[in-house]
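Here is the file structure_31.txt (compact mmCIF, C-alpha atoms).
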# COMPACT_ATOMS: atom_id res chain seq x y z
CA MET P 162 -49.62 -112.75 29.50
CA ASN P 163 -52.81 -113.35 27.43
CA GLU P 164 -55.03 -113.50 30.52
CA GLU P 165 -53.64 -110.24 31.82
CA LEU P 166 -54.21 -108.56 28.44
CA ILE P 167 -57.79 -109.85 28.26
CA GLN P 168 -58.47 -108.62 31.81
CA THR P 169 -57.02 -105.22 30.99
CA LEU P 170 -59.02 -104.83 27.82
CA SER P 171 -62.28 -106.02 29.41
CA THR P 172 -62.14 -104.18 32.73
CA GLY P 173 -59.67 -101.36 32.10
CA LEU P 174 -57.65 -102.49 35.14
CA ALA P 175 -54.23 -104.03 34.79
CA ALA P 176 -53.22 -107.08 36.80
CA GLU P 177 -49.63 -106.00 36.89
CA GLU P 178 -48.00 -102.63 37.14
CA GLY P 179 -47.24 -101.08 33.77
CA HIS P 180 -50.52 -102.03 32.01
CA GLU P 181 -52.67 -99.00 32.85
CA ASN P 182 -54.15 -98.35 29.45
CA GLY P 183 -57.34 -100.42 29.57
CA TYR P 184 -60.46 -99.23 27.74
CA MET P 185 -62.34 -98.13 30.87
CA GLU P 186 -59.44 -96.15 32.26
CA GLN P 187 -58.80 -94.43 28.91
CA LEU P 188 -62.49 -93.68 28.53
CA GLN P 189 -62.74 -92.13 31.99
CA ARG P 190 -59.66 -90.02 31.43
CA VAL P 191 -60.80 -88.72 28.02
CA LYS P 192 -64.32 -87.96 29.33
CA ALA P 193 -62.79 -86.00 32.20
CA SER P 194 -60.68 -84.01 29.72
CA ALA P 195 -63.76 -83.30 27.62
CA ALA P 196 -65.71 -82.13 30.67
CA GLN P 197 -62.83 -79.93 31.78
CA ALA P 198 -62.57 -78.37 28.31
CA THR P 199 -66.33 -77.79 28.22
CA THR P 200 -66.27 -76.09 31.63
CA PHE P 201 -63.35 -73.88 30.62
CA VAL P 202 -65.03 -72.85 27.36
CA GLU P 203 -68.34 -72.03 29.05
CA GLN P 204 -66.68 -70.01 31.79
CA SER P 205 -64.54 -68.19 29.24
CA LYS P 206 -67.60 -67.33 27.17
CA LEU P 207 -69.31 -65.84 30.20
CA LYS P 208 -66.21 -63.79 31.06
CA LEU P 209 -65.83 -62.76 27.40
CA LYS P 210 -69.37 -61.49 27.29
CA HIS P 211 -68.81 -59.48 30.44
CA LEU P 212 -65.52 -58.00 29.15
CA GLU P 213 -67.03 -57.10 25.75
CA THR P 214 -69.83 -55.27 27.52
CA GLU P 215 -67.33 -53.45 29.70
CA LEU P 216 -65.15 -52.63 26.66
CA ALA P 217 -68.08 -51.09 24.81
CA ASP P 218 -68.83 -48.88 27.82
CA LYS P 219 -65.17 -47.85 28.14
CA ARG P 220 -64.98 -46.91 24.46
CA LYS P 221 -67.97 -44.65 24.86
CA GLN P 222 -66.26 -43.03 27.84
CA VAL P 223 -63.05 -42.60 25.80
CA THR P 224 -64.95 -40.77 23.07
CA ALA P 225 -66.46 -38.41 25.60
CA ALA P 226 -63.15 -37.86 27.41
CA GLN P 227 -61.31 -37.31 24.15
CA LYS P 228 -63.28 -34.15 23.47
CA ASN P 229 -62.20 -32.76 26.85
CA ASN P 230 -58.57 -33.75 26.19
CA LYS P 231 -58.05 -31.90 22.90
CA ASP P 232 -56.54 -28.81 24.51
CA LEU P 233 -54.00 -30.87 26.49
CA SER P 234 -53.01 -32.86 23.39
CA ALA P 235 -52.58 -29.69 21.34
CA GLY P 236 -50.44 -28.17 24.08
CA LEU P 237 -48.29 -31.31 24.24
CA THR P 238 -47.72 -31.28 20.45
CA THR P 239 -46.77 -27.61 20.51
CA ALA P 240 -44.39 -28.08 23.46
CA LYS P 241 -42.64 -31.01 21.72
CA GLN P 242 -42.19 -28.98 18.54
CA GLN P 243 -40.76 -26.03 20.47
CA VAL P 244 -38.34 -28.26 22.41
CA ASN P 245 -37.12 -29.86 19.17
CA GLN P 246 -36.62 -26.45 17.56
CA LEU P 247 -34.67 -25.12 20.55
CA GLU P 248 -32.49 -28.25 20.66
CA ASP P 249 -31.66 -27.83 16.96
CA ALA P 250 -30.86 -24.15 17.48
CA LEU P 251 -28.59 -24.98 20.45
CA ARG P 252 -26.69 -27.58 18.41
CA ARG P 253 -26.04 -24.97 15.73
CA GLN P 254 -24.43 -22.57 18.24
CA THR P 255 -20.66 -22.13 17.81
CA PHE P 256 -19.98 -20.74 21.29
CA ASP P 257 -17.17 -22.58 23.12
CA PRO P 258 -16.87 -21.87 26.88
CA GLU P 259 -13.32 -23.32 26.91
CA LYS P 260 -12.24 -20.86 24.24
CA GLU P 261 -13.62 -17.97 26.29
CA ARG P 262 -11.73 -19.15 29.40
CA ALA P 263 -8.49 -19.39 27.38
CA LEU P 264 -8.96 -15.83 26.10
CA GLN P 265 -9.61 -14.59 29.63
CA MET P 266 -6.30 -16.11 30.70
CA GLU P 267 -4.55 -14.43 27.74
CA LYS P 268 -6.16 -11.14 28.68
CA ALA P 269 -4.91 -11.46 32.26
CA ALA P 270 -1.37 -12.17 30.99
CA GLN P 271 -1.41 -9.15 28.65
CA THR P 272 -2.81 -6.89 31.39
CA GLU P 273 -0.05 -8.00 33.76
CA ALA P 274 2.61 -7.36 31.09
CA ILE P 275 1.19 -3.87 30.42
CA SER P 276 1.23 -3.05 34.13
CA ARG P 277 4.82 -4.25 34.49
CA LEU P 278 6.03 -2.29 31.45
CA SER P 279 4.20 0.86 32.60
CA GLU P 280 5.97 0.68 35.94
CA GLN P 281 9.34 0.24 34.19
CA ILE P 282 8.65 3.22 31.94
CA ASP P 283 7.67 5.39 34.91
CA TYR P 284 10.82 4.38 36.78
CA THR P 285 13.11 5.06 33.82
CA SER P 286 11.31 8.29 32.96
CA ARG P 287 12.16 9.68 36.40
CA LYS P 288 15.82 9.49 35.35
CA VAL P 289 15.12 11.97 32.56
CA SER P 290 12.60 14.15 34.36
CA GLY P 291 14.27 17.23 32.81
CA LEU P 292 12.69 16.23 29.50
CA ASP P 293 9.20 16.88 30.82
CA PHE P 294 7.84 19.53 28.44
CA GLN P 295 4.31 20.80 29.00
CA TYR P 296 2.39 23.74 27.61
CA SER P 297 -1.14 25.12 27.30
CA ASN P 298 -2.84 25.82 23.99
CA PRO P 299 -1.80 29.41 23.17
CA THR P 300 -4.86 29.98 20.92
CA PRO P 301 -8.33 28.46 20.56
CA ASN P 302 -8.40 25.38 18.30
CA PHE P 303 -4.62 25.20 18.45
CA ASP P 304 -3.12 22.37 16.37
CA ARG P 305 -0.87 20.56 18.84
CA SER P 306 0.66 18.46 16.02
CA SER P 307 2.56 21.62 14.98
CA VAL P 308 4.66 21.26 18.15
CA LYS P 309 6.97 18.30 17.51
CA GLY P 310 8.47 18.16 21.00
CA LEU P 311 11.88 18.09 22.62
CA VAL P 312 14.84 17.16 20.39
CA ALA P 313 15.85 14.34 22.76
CA GLU P 314 12.53 12.59 22.12
CA LEU P 315 12.53 13.07 18.34
CA PHE P 316 15.34 10.69 17.38
CA THR P 317 16.63 7.25 18.27
CA VAL P 318 20.10 5.77 18.31
CA ARG P 319 20.26 2.95 15.80
CA PRO P 320 20.54 -0.46 17.54
CA GLU P 321 23.96 -1.15 16.00
CA ASN P 322 25.25 2.22 17.31
CA THR P 323 24.23 2.10 20.97
CA ASP P 324 27.88 2.35 22.03
CA ALA P 325 27.82 5.90 20.58
CA ALA P 326 24.99 7.11 22.84
CA THR P 327 27.29 9.05 25.16
CA ALA P 328 29.11 10.69 22.26
CA LEU P 329 25.83 11.66 20.57
CA GLU P 330 24.50 13.09 23.81
CA ILE P 331 27.60 15.29 24.23
CA CYS P 332 27.44 16.19 20.56
CA ALA P 333 23.88 17.51 20.95
CA GLY P 334 24.60 19.16 24.28
CA GLY P 335 21.94 21.61 25.43
CA ARG P 336 20.12 21.32 22.13
CA LEU P 337 18.62 18.06 23.41
CA TYR P 338 16.25 20.27 25.40
CA ASN P 339 15.30 22.55 22.48
CA VAL P 340 11.69 22.41 21.27
CA VAL P 341 11.04 21.78 17.57
CA VAL P 342 7.99 23.45 15.99
CA ASP P 343 6.69 23.82 12.43
CA ASN P 344 7.39 27.55 12.08
CA GLU P 345 8.33 30.75 13.89
CA VAL P 346 4.65 31.77 14.35
CA ILE P 347 3.97 28.65 16.42
CA GLY P 348 7.18 29.35 18.33
CA SER P 349 6.09 32.90 19.16
CA GLN P 350 2.65 31.75 20.27
CA LEU P 351 4.18 29.17 22.60
CA LEU P 352 6.58 31.66 24.15
CA GLN P 353 3.93 34.33 24.65
CA ASN P 354 0.80 32.39 25.57
CA GLY P 355 1.85 28.76 26.06
CA LYS P 356 2.26 29.15 29.84
CA LEU P 357 5.61 27.40 29.75
CA ARG P 358 6.93 26.29 33.12
CA LYS P 359 10.59 26.95 32.25
CA ARG P 360 12.69 28.72 29.70
CA VAL P 361 13.12 26.89 26.41
CA THR P 362 14.81 27.42 23.05
CA ILE P 363 12.59 27.01 20.01
CA ILE P 364 13.75 25.48 16.71
CA PRO P 365 11.34 26.50 13.89
CA LEU P 366 11.73 23.98 11.04
CA ASN P 367 11.04 26.61 8.38
CA LYS P 368 13.69 29.07 9.64
CA ILE P 369 16.55 27.04 11.09
CA SER P 370 19.84 27.14 9.14
CA ALA P 371 21.15 23.61 8.95
CA PHE P 372 24.67 22.82 7.78
CA LYS P 373 25.84 19.37 6.82
CA ALA P 374 29.52 18.58 6.41
CA HIS P 375 30.69 18.13 2.85
CA ALA P 376 30.87 14.54 1.70
CA GLN P 377 34.52 14.95 0.68
CA LYS P 378 35.52 15.92 4.20
CA ILE P 379 33.71 12.92 5.65
CA ALA P 380 35.34 10.59 3.11
CA THR P 381 38.77 11.97 3.97
CA ALA P 382 38.20 11.52 7.67
CA GLN P 383 37.10 7.92 7.19
CA LYS P 384 40.23 7.25 5.12
CA LEU P 385 42.42 8.63 7.90
CA ALA P 386 40.85 6.24 10.46
CA PRO P 387 39.09 3.42 8.56
CA GLY P 388 36.10 1.95 10.39
CA LYS P 389 36.47 4.36 13.31
CA VAL P 390 34.82 7.57 12.09
CA ASN P 391 31.19 8.40 11.28
CA LEU P 392 29.15 11.55 10.86
CA ALA P 393 26.91 11.86 13.94
CA LEU P 394 23.84 12.36 11.73
CA THR P 395 24.25 8.86 10.23
CA LEU P 396 24.08 7.19 13.66
CA VAL P 397 20.57 8.36 14.54
CA GLY P 398 17.07 7.60 13.23
CA TYR P 399 14.30 10.15 12.83
CA GLU P 400 11.22 11.00 10.75
CA GLU P 401 11.84 12.62 7.39
CA HIS P 402 10.10 15.90 8.19
CA LEU P 403 12.59 16.43 11.06
CA GLU P 404 15.69 16.21 8.87
CA THR P 405 16.43 19.96 9.02
CA ALA P 406 16.47 19.96 12.82
CA MET P 407 18.53 16.76 13.02
CA THR P 408 21.04 18.14 10.50
CA TYR P 409 21.26 21.35 12.53
CA ILE P 410 22.23 19.31 15.60
CA PHE P 411 24.26 16.37 14.23
CA GLY P 412 25.24 17.39 10.70
CA ASN P 413 28.71 18.84 11.37
CA THR P 414 30.24 16.61 14.08
CA LEU P 415 32.20 13.39 13.76
CA ILE P 416 31.95 10.49 16.19
CA CYS P 417 35.26 8.69 16.61
CA ALA P 418 36.04 5.36 18.20
CA ASP P 419 39.03 6.65 20.19
CA ALA P 420 41.15 9.70 20.95
CA GLU P 421 43.83 8.88 18.36
CA SER P 422 41.27 8.78 15.56
CA ALA P 423 39.69 11.99 16.81
CA LYS P 424 43.02 13.82 16.77
CA LYS P 425 43.81 12.64 13.25
CA VAL P 426 40.61 13.89 11.71
CA THR P 427 39.94 16.97 13.82
CA PHE P 428 43.22 18.69 13.12
CA HIS P 429 43.80 17.44 9.59
CA GLN P 430 43.92 20.31 7.11
CA GLU P 431 41.39 18.69 4.76
CA VAL P 432 38.91 17.87 7.53
CA ARG P 433 39.10 20.25 10.51
CA MET P 434 35.74 19.18 12.05
CA LYS P 435 34.61 18.88 15.64
CA SER P 436 34.92 15.30 16.90
CA VAL P 437 33.61 13.40 19.91
CA THR P 438 35.03 10.09 21.08
CA LEU P 439 32.89 7.19 22.32
CA ASP P 440 34.16 8.03 25.82
CA GLY P 441 32.80 11.58 25.50
CA ASP P 442 35.98 13.58 24.91
CA VAL P 443 35.49 16.54 22.58
CA TYR P 444 38.13 17.71 20.07
CA ASP P 445 37.66 21.10 18.38
CA PRO P 446 39.69 22.24 15.35
CA SER P 447 40.26 25.57 17.13
CA GLY P 448 42.52 23.61 19.47
CA THR P 449 40.32 23.19 22.55
CA LEU P 450 39.75 19.84 24.21
CA GLN P 451 37.02 18.80 26.60
CA GLY P 452 37.08 15.59 28.62
CA GLY P 453 37.38 14.01 32.01
CA SER P 454 34.25 13.08 33.90
CA ARG P 455 31.12 12.83 31.87
CA PRO P 456 28.38 15.47 32.14
CA SER P 457 26.07 15.13 35.14
CA GLY P 458 23.20 14.69 32.76
CA GLY P 459 24.98 11.77 31.07
CA GLY P 460 22.95 8.72 30.16
CA ILE P 461 19.89 10.59 28.91
CA LEU P 462 19.98 8.98 25.48
CA THR P 463 20.58 5.54 26.99
CA SER P 464 17.56 6.01 29.24
CA LEU P 465 15.52 7.33 26.32
CA GLN P 466 16.51 4.31 24.22
CA GLU P 467 15.37 2.06 27.04
CA ILE P 468 12.10 3.97 27.27
CA HIS P 469 11.60 3.75 23.51
CA GLY P 470 12.10 -0.02 23.66
CA LEU P 471 9.74 -0.37 26.61
CA LYS P 472 7.11 1.80 24.90
CA SER P 473 7.41 -0.32 21.76
CA GLN P 474 6.77 -3.47 23.83
CA LEU P 475 3.96 -1.69 25.64
CA ALA P 476 2.31 -0.72 22.34
CA GLU P 477 2.51 -4.34 21.12
CA HIS P 478 0.96 -5.71 24.31
CA ARG P 479 -1.80 -3.10 24.14
CA ARG P 480 -2.46 -4.07 20.51
CA GLN P 481 -2.73 -7.73 21.48
CA LEU P 482 -4.95 -6.85 24.43
CA GLN P 483 -7.25 -4.87 22.15
CA GLN P 484 -7.54 -7.85 19.79
CA ILE P 485 -8.29 -10.18 22.70
CA GLU P 486 -10.94 -7.82 24.06
CA GLN P 487 -12.55 -7.60 20.63
CA ARG P 488 -12.63 -11.40 20.39
CA LEU P 489 -14.01 -11.63 23.93
CA ALA P 490 -16.69 -9.06 23.09
CA SER P 491 -17.70 -11.16 20.11
CA LEU P 492 -17.63 -14.34 22.23
CA SER P 493 -19.56 -12.56 24.95
CA GLN P 494 -22.39 -11.87 22.52
CA GLU P 495 -22.31 -15.52 21.43
CA GLY P 496 -22.18 -16.60 25.08
CA ARG P 497 -25.21 -14.50 26.00
CA ALA P 498 -27.12 -15.92 23.02
CA TYR P 499 -26.03 -19.45 24.02
CA ALA P 500 -27.03 -18.99 27.68
CA GLU P 501 -30.36 -17.42 26.73
CA LEU P 502 -31.13 -20.26 24.32
CA LYS P 503 -30.14 -22.90 26.87
CA GLN P 504 -32.36 -21.27 29.51
CA ARG P 505 -35.29 -21.17 27.10
CA LEU P 506 -34.75 -24.85 26.31
CA GLU P 507 -34.69 -25.81 29.99
CA LEU P 508 -37.91 -23.88 30.66
CA LYS P 509 -39.65 -25.37 27.63
CA ALA P 510 -38.47 -28.90 28.53
CA HIS P 511 -39.91 -28.41 32.03
CA GLU P 512 -43.18 -27.22 30.48
CA LEU P 513 -43.22 -30.35 28.29
CA ARG P 514 -42.74 -32.63 31.31
CA LEU P 515 -45.59 -30.94 33.15
CA CYS P 516 -47.81 -31.31 30.10
CA GLU P 517 -46.95 -35.00 29.83
CA GLN P 518 -47.71 -35.48 33.52
CA ARG P 519 -51.09 -33.76 33.16
CA ILE P 520 -51.98 -35.89 30.15
CA SER P 521 -50.83 -39.12 31.81
CA ALA P 522 -53.01 -38.26 34.79
CA SER P 523 -55.98 -37.29 32.63
CA GLU P 524 -59.21 -39.39 32.46
CA HIS P 525 -58.76 -39.94 28.72
CA VAL P 526 -55.34 -41.57 29.07
CA GLN P 527 -56.48 -43.73 31.97
CA LEU P 528 -59.49 -44.89 29.98
CA MET P 529 -57.31 -45.62 26.95
CA GLU P 530 -55.05 -47.76 29.13
CA GLN P 531 -58.10 -49.61 30.47
CA VAL P 532 -59.43 -50.17 26.94
CA GLU P 533 -56.07 -51.53 25.82
CA LYS P 534 -55.97 -53.88 28.80
CA LEU P 535 -59.53 -55.11 28.10
CA GLU P 536 -58.74 -55.68 24.43
CA LYS P 537 -55.74 -57.83 25.37
CA GLU P 538 -57.81 -59.83 27.88
CA ILE P 539 -60.55 -60.40 25.29
CA GLU P 540 -58.03 -61.52 22.69
CA THR P 541 -56.52 -63.95 25.20
CA LEU P 542 -59.99 -65.34 26.08
CA LYS P 543 -60.93 -65.83 22.45
CA THR P 544 -57.73 -67.73 21.82
CA GLY P 545 -58.36 -69.84 24.93
CA ILE P 546 -61.95 -70.59 23.83
CA GLU P 547 -60.75 -71.72 20.41
CA GLU P 548 -58.15 -73.98 21.98
CA GLY P 549 -60.73 -75.31 24.50
CA ASN P 550 -63.18 -76.15 21.71
CA VAL P 551 -60.43 -78.04 19.89
CA LYS P 552 -59.58 -80.01 23.07
CA LYS P 553 -63.28 -80.73 23.68
CA SER P 554 -63.79 -81.89 20.09
CA ASP P 555 -60.72 -84.12 20.22
CA ALA P 556 -61.82 -85.62 23.56
CA VAL P 557 -65.37 -86.38 22.30
CA LYS P 558 -63.97 -87.99 19.16
CA ARG P 559 -61.59 -90.10 21.24
CA CYS P 560 -64.44 -91.18 23.52
CA GLN P 561 -66.35 -92.39 20.51
CA GLU P 562 -63.33 -94.32 19.24
CA ILE P 563 -62.80 -96.03 22.63
CA GLU P 564 -66.48 -96.91 23.01
CA LYS P 565 -66.49 -98.42 19.50
CA GLU P 566 -63.39 -100.50 20.30
CA MET P 567 -65.04 -101.71 23.53
CA ASN P 568 -68.18 -102.78 21.67
CA ASP P 569 -66.11 -104.54 19.03
CA PHE P 570 -64.21 -106.39 21.75
CA LYS P 571 -67.36 -107.59 23.50
CA LYS P 572 -68.83 -108.94 20.29
CA ASN P 573 -65.67 -110.77 19.13
CA LYS P 574 -63.51 -111.36 22.21
CA ASP P 575 -61.84 -114.55 20.84
CA GLY P 576 -61.14 -113.01 17.44
CA LYS P 577 -59.77 -109.86 19.01
CA LEU P 578 -57.55 -111.91 21.31
CA GLN P 579 -56.30 -113.96 18.38
CA GLU P 580 -55.55 -110.75 16.55
CA LEU P 581 -53.66 -109.37 19.54
CA MET P 582 -51.65 -112.58 19.92
CA VAL P 583 -50.66 -112.52 16.27
CA CYS P 584 -49.57 -108.91 16.65
CA SER P 585 -47.67 -109.80 19.79
CA ARG P 586 -45.72 -112.52 17.99
CA HIS P 587 -44.92 -110.24 15.09
CA GLY P 588 -44.22 -107.18 17.23
CA CYS P 589 -47.18 -105.05 15.96
CA TYR P 590 -48.83 -104.44 19.29
How does the structure come out when it is put into structure tokens?
Amino acid sequence: MNEELIQTLSTGLAAEEGHENGYMEQLQRVKASAAQATTFVEQSKLKLKHLETELADKRKQVTAAQKNNKDLSAGLTTAKQQVNQLEDALRRQTFDPEKERALQMEKAAQTEAISRLSEQIDYTSRKVSGLDFQYSNPTPNFDRSSVKGLVAELFTVRPENTDAATALEICAGGRLYNVVVDNEVIGSQLLQNGKLRKRVTIIPLNKISAFKAHAQKIATAQKLAPGKVNLALTLVGYEEHLETAMTYIFGNTLICADAESAKKVTFHQEVRMKSVTLDGDVYDPSGTLQGGSRPSGGGILTSLQEIHGLKSQLAEHRRQLQQIEQRLASLSQEGRAYAELKQRLELKAHELRLCEQRISASEHVQLMEQVEKLEKEIETLKTGIEEGNVKKSDAVKRCQEIEKEMNDFKKNKDGKLQELMVCSRHGCY
């Protein structure tokens, strides 16, 4: 063991495998590391000098190119600002395309309902074609509101009294076709210059003599047949200004539920009023009776009631349609503003992309990229040189330590061996 150790220390070559750390071998290896570090540092310094020269030239070129790139940079900044502004404006828009589509569907439904109701009104109106009253203005600037219209169209049968429609129609008789006007002057003008298509009877509201049965008579009749007798006037609805005409037509006739009730009240000494049953039979206090088949024009009031109901529905659907169209008009304005803003944003975003492409392809940007790359390479070289100098310094120092140990060993081989043996026994080597 001692001979092998001495051989290793003196020659740097081990006699057995595993003892490769002799002085000569260590010295050769450390010197090689120092030489390698020196070569790396020198080469790096040469490359660093070249790159620093190139970097200086590139920076000069950047300065020159920057002057030519000002317009592009300004355009890019402006385009970015405009895109941001348009994006903010678009986010603030309240337009909702889904809401517009829903309203369009509602509009289609209302339009279909209006068309259906109009057809129903036309069909039902043909049943009462005799109520078609038309005239021309008899004088210039004629006020058409002074002509109220046909009696049949000026009142309604109350919903709870629809079963009395036939009786009310017979009660009114031919007066259903009379025309109500404000006064006799309007009536004369219509008859003379209104170009009427058929003969009509005029009811001037200011001249007509209306008679309404006395309340005592009505009360007596209702006592004779409780719950089965009503004054015809109380079964219809009309506007207040038409009361005179309605009283003239319905104010002196009773509507009775059946023939027995009609007989009781019609011929009673304290009543003696004309009565009409729900079936249409007429009882007159003079003793005459009318009945049998209903008049050929029967059902006019029923048809008119149906028309009134249909027209009421039609008016409601038209009101809803008008509201929908107003909302759509408002949304349409918002939609146009939204679409215009979106189009402007798309155009400006495209302009921004083109500007970015021009700048990225410009000489200034390419030079800046080259400068950045050179700066990184130079920084890497400087770090490598510092590390190489440290490796070189460490290797030189280690060479000196090994050479000193070799000289000490040559001068005092026995003492060194003794020292090594002592260390070997005590486990210090």
**Prompt:** Within 12 Å of Thr200 in chain P, counting only C-alpha atoms, which residues qualify if same-chain residues fewer than 6 places away don't, as a PyMOL selection string?
**Reply:** chain P and resi 193-194+206-207+546+549-550+552-553
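Candidate residues P:Ser234, P:Ser436, P:Gln265, P:Asn245 were compared for distance to Gln451 in chain P, and the nearest is P:Ser436, using all atoms listed in the file.
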**Prompt:** Which residue, P:Asp218, P:Asp569, P:Glu186, P:Asp249, has the smallest gap to Lys503 in chain P when you use all atoms listed in the file?
**Reply:** P:Asp249
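Take CA of Arg505 in chain P and CA of Arg262 in chain P: the distance between them is 23.8 Å.
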**Request:** Counting all atoms listed in the file, select every polymer residue within 12 Å of (5.0, 29.1, 25.7) as defined in the file's coordinates, and provide the selection as a PyMOL selection string.
**Result:** chain P and resi 294-300+308+340+342+346-363
**Item:** Answer as a list in words, residues within 10 Å of (6.0, -0.3, 25.9) using all atoms listed in the file
**Value:** Ala274, Ile275, Ser276, Arg277, Leu278, Ser279, Gln281, Ile282, Glu467, Ile468, His469, Gly470, Leu471, Lys472, Ser473, Gln474, Leu475, Ala476, Glu477, His478 and Arg479 of chain P
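The smallest atom-to-atom distance between Thr238 in chain P and any of P:Gly310, P:Arg559, P:Leu513, P:Glu267, using only C-alpha atoms, is found for P:Leu513.
With distances taken over all atoms listed in the file, P:Asn391 is the one residue among P:Gln527, P:Ser370, P:Asn391, P:Thr405 lying closest to Ala423 in chain P.
Going from CA of Glu501 in chain P over to CA of Thr239 in chain P, you cover 20.3 Å.
Nearest-residue note for Leu403 in chain P: choosing from P:Lys241, P:Arg190, P:His511, P:Lys309, the minimum distance belongs to P:Lys309, counting only C-alpha atoms.
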**Request:** To one decimal in Å, tell me the separation between CA of Met266 in chain P and CA of Tyr284 in chain P.
**Result:** 27.4 Å
**Prompt:** Using only C-alpha atoms, which residues sit within 9 Å of Arg319 in chain P once same-chain residues fewer than 6 positions away are excluded, as a ChimeraX atom specification?
**Reply:** /P:396-398
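Minimum atom-to-atom distance to Asn322 in chain P, evaluated using only C-alpha atoms, belongs to P:Leu462 out of P:Ile369, P:Ala382, P:Leu462, P:Val289.
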